[in-house]
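Participant: Mind looking over this structure? Questions follow.
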Amino acid sequence: MSEDERDADERSESANSRAAQPRDSESSEGASSAERSSADHSSGRSPREGGETVSSDHGPDDRRTFYDQARWTESDVQYEPLLSEKDTTEVAVGGEESPLPDDLTRDSLELPGLSEPELARHYTRLSQMNYGVESGPFPLGSCTMKYNPKFTEDVAALPDAAVHPDRPAETVQGTLGLMYRLQDYLGRIGGMDAVTLQPPAGAAGEYTGVLVAKAYHEANDDDRSTVIVPDSAHGTNFATAALAGYDVLELPSGEDGRVDIEALEAAVDDDTAALMLTNPNTLGCFERDIEEIATIVHDAGGLLYYDGANLNALLGRARPGDMGFDIMHYNVHKTFATPHGGGGPGAGPVGVTERLAPFLPSPRVRETRAGDFELFEPDHSIGKVHEFQGNWLVLLKTYAYIARLGDPGLADASAKAVLNANYLAEQVDYEVPFGPFHHEFVASAGEQDAADVAKRMLDYGVHPPTTKWPEIVDEALMTEPTEIENKRTLDQLAAAFNAVAAEDDETLDGAPQRTAARRIDQVAAARTPRLSWQALDAER
Amino acid sequence: MSFEVPEDCRYLDSHEWARSEDGTVRVGISDFAQDELGDVVFVELPSEGEEITKGDDFGVVESIKAVSDLYAPISGTVTAINDDLVDAPELVNDDPYGDGWMLEVDIDDESELDALLSPEEYGDQIA
């Protein structure tokens, strides 16, 4: 988009919003406003020159974004080269006699010899070729891609936050106190009696939770072999149960996308160790029969496990503990806006009810009678699932986020997350077969291929939803805008959805056209994957 | 769209075929199955000497669209597997009844073949 077009768009937007304000229809100001809007619209929206055209008609409500991602090519194939491809300089190393055998040492190394501006440009370019929640809307369903507020980074960067985990408890009372309060916050948010902060990720929390369930049954000399998981559950649920040594029984969903009570009654028996559920479920629908579900599982001696993936819908409004859940993990990167994955440090705290507390990992933090804080090992602890007290700086960000929002802020977050999902779904032309839904909805791309829809949405400058899952919706588009979007960005998202919904297969097959990376050859990527940079070297 | 359903094969309703040749039985997946799957990128097969049981899964076929279990149309002992599929899984797409074969099996009971779907019956199923 040229500068002129962009300016015209902005003028047009602002004129439209003025025109939309309630006003006396006979006032001269109102009339001139409408005229300006109309004039800007006709002059500003000239057709794009060259290339493929995204748009054809632009009504006054058209919010489609025009988007071109930064892209550098050489011979039309290469993106930003690797640093080692930009320059390699032979650097002499060693000098002193090495204690290693001669065949394991060398005299020189090839290293990129780049100046600071060259290096800065490299990383800036990489960031421009990327897309994140700081680029635009990111409604990746089930992933709760909230914006991570920067103040939590400031808190984690405080010198006092850099504490060696081996320091004696009496010298780190502030840190331990904060962990204790975080255990308490999370416990109260989830309705759980005891919390461990140690697991280093959501899936690790899940695994910890199932190990706790297993240890509980074993302590009761209760031999149980099976974990029940609904067919719409997160893939990690199946994997977690299997990794913990359980047989996994897949529970078919009912016609309304919720747990089928009859199927559950048929599946539960005295081999049932646990039922793993998330609520609202993967379709965003609330399991209304949750109390009956809990009774069925508990009457058979099983435990009810809550996958915290969808906790953002409930914050400050309902608690898994009150619904009868015995164990839950918290995805702090989702619900509490700590950074998502990327292989970096994460945290997946686990909460349990009183009877399971003795089995939690060691150590936990408790308050002494004197009001100090100390680490302790629960009586029947399953042991360690990670070093020390977990990933402290991630936990600190979690704490900061919860403390900053407070009870009203958390309740506001869930309200807006639910409102945003429902507003967006209402604007989107694709059918949404299951409802009523809460913080996310699963639309169906119908005759279109959901993966192609996703690729095409990239061309409109938005991140696409999660696709093709859950499988109970054909060509699923699982969409979760989260509470961070406003009406304007939700309208932008809806416009992207609806533009793609109206496009033909040929356009979808060729997408994306405007991103740094274009259509990926998925077959080649799967058949001959390049799993390290050496594979690139080998091809040259 | 019509799919190839060779007359000399018998079929399982989950789209595997079995064909008797020279005292052994070859097993693979049908033209319809490869088309439904799309580009096959990986095939996991049992080892030679393993027993397979009619109706049980004996391997996995993975395409860019889906991962599917493979079901044994017959019971017997695996005498050979198609090693070419390791490096060239696309053979399953290119020639599902020929070079894309998967197993050779020493069948326990020849009559099991007769119990499978005939080409006509299978052709009706996928029509």
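Order determines the names: the first chain of the structure tokens is A, the second B, and so forth; residues in each chain are numbered 1 upward, and ligands are numbered 1 upward as they are shown.
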Determine, counting only C-alpha atoms, which protein, DNA and RNA residues have an atom within 12 Å of an atom of Leu158 (chain A); residues of the same chain fewer than 6 positions away are not included. Present the result as a PyMOL selection string.
Facilitator: chain A and resi 151-152+393+396-397
Participant: Suppose we keep C-alpha atoms; can you now write the selection as an mmCIF file, in the first residue's frame?
Facilitator:
data_model
loop_
_atom_site.group_PDB
_atom_site.id
_atom_site.type_symbol
_atom_site.label_atom_id
_atom_site.label_comp_id
_atom_site.auth_asym_id
_atom_site.auth_seq_id
_atom_site.Cartn_x
_atom_site.Cartn_y
_atom_site.Cartn_z
ATOM 1 C CA PHE A 151 5.553 -4.560 32.951
ATOM 2 C CA THR A 152 5.926 -8.251 33.811
ATOM 3 C CA LEU A 393 11.026 -15.894 36.613
ATOM 4 C CA LEU A 396 7.147 -14.163 38.984
ATOM 5 C CA LYS A 397 5.514 -12.837 35.809
#
Participant: Using only C-alpha atoms, find the residues of chain B whose closest atom to chain A is at most 12 Å away, then write them as a compact mmCIF listing (two decimals) with C-alpha atoms, in the first residue's frame.
Facilitator:
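File selection_31.txt, as written:
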# COMPACT_ATOMS: atom_id res chain seq x y z
CA GLY B 38 -3.31 -37.49 -0.41
CA ASP B 39 0.46 -37.40 -0.63
CA VAL B 40 1.83 -40.22 1.49
CA VAL B 41 4.95 -39.20 3.39
CA PHE B 42 5.62 -42.16 5.67
CA VAL B 43 4.71 -45.82 5.95
CA GLU B 62 0.94 -41.03 7.15
CA SER B 63 0.04 -38.42 4.57
CA ILE B 64 0.16 -34.65 4.75
CA LYS B 65 -3.53 -34.79 5.61
CA ALA B 66 -3.86 -37.69 8.02
CA LEU B 85 8.56 -47.39 0.69
CA VAL B 86 11.08 -46.15 3.25
CA ASP B 87 12.73 -43.83 0.76
CA ALA B 88 9.86 -43.51 -1.68
CA PRO B 89 6.52 -43.51 0.16
CA GLU B 90 5.04 -41.80 -2.91
Participant: Any idea what's packed within 9 Å of region 488-505 of chain A, counting only C-alpha atoms, ignoring anything in its chain fewer than 5 positions away? Could you give it as an MDAnalysis selection string?
Facilitator: chainID A and resid 54:55 62:65 136:137 139 420:421 423:430 445 448:449 452:454 456:464 481 510
Participant: Which parts of region 74-110 of chain B does DSSP call alpha helix (DSSP H) when run on the backbone here, written out as number ranges by chain?
Facilitator: B: 84-87, 91-94
Participant: Excluding same-chain residues fewer than 5 positions from Ala413 (chain A), what lies within 12 Å of it counting only C-alpha atoms, as a PyMOL selection string?
Facilitator: chain A and resi 144+146+311-317+335-337+401-402+405-408+418-420+439+481-485
Participant: Kindly indicate which residue among B:Gly49, B:Gly123, B:Gly59, B:Gly76 lies nearest to Leu12 (chain B), using only C-alpha atoms for the distances.
Facilitator: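 Closest to Leu12 (chain B) of all the choices is B:Gly123.
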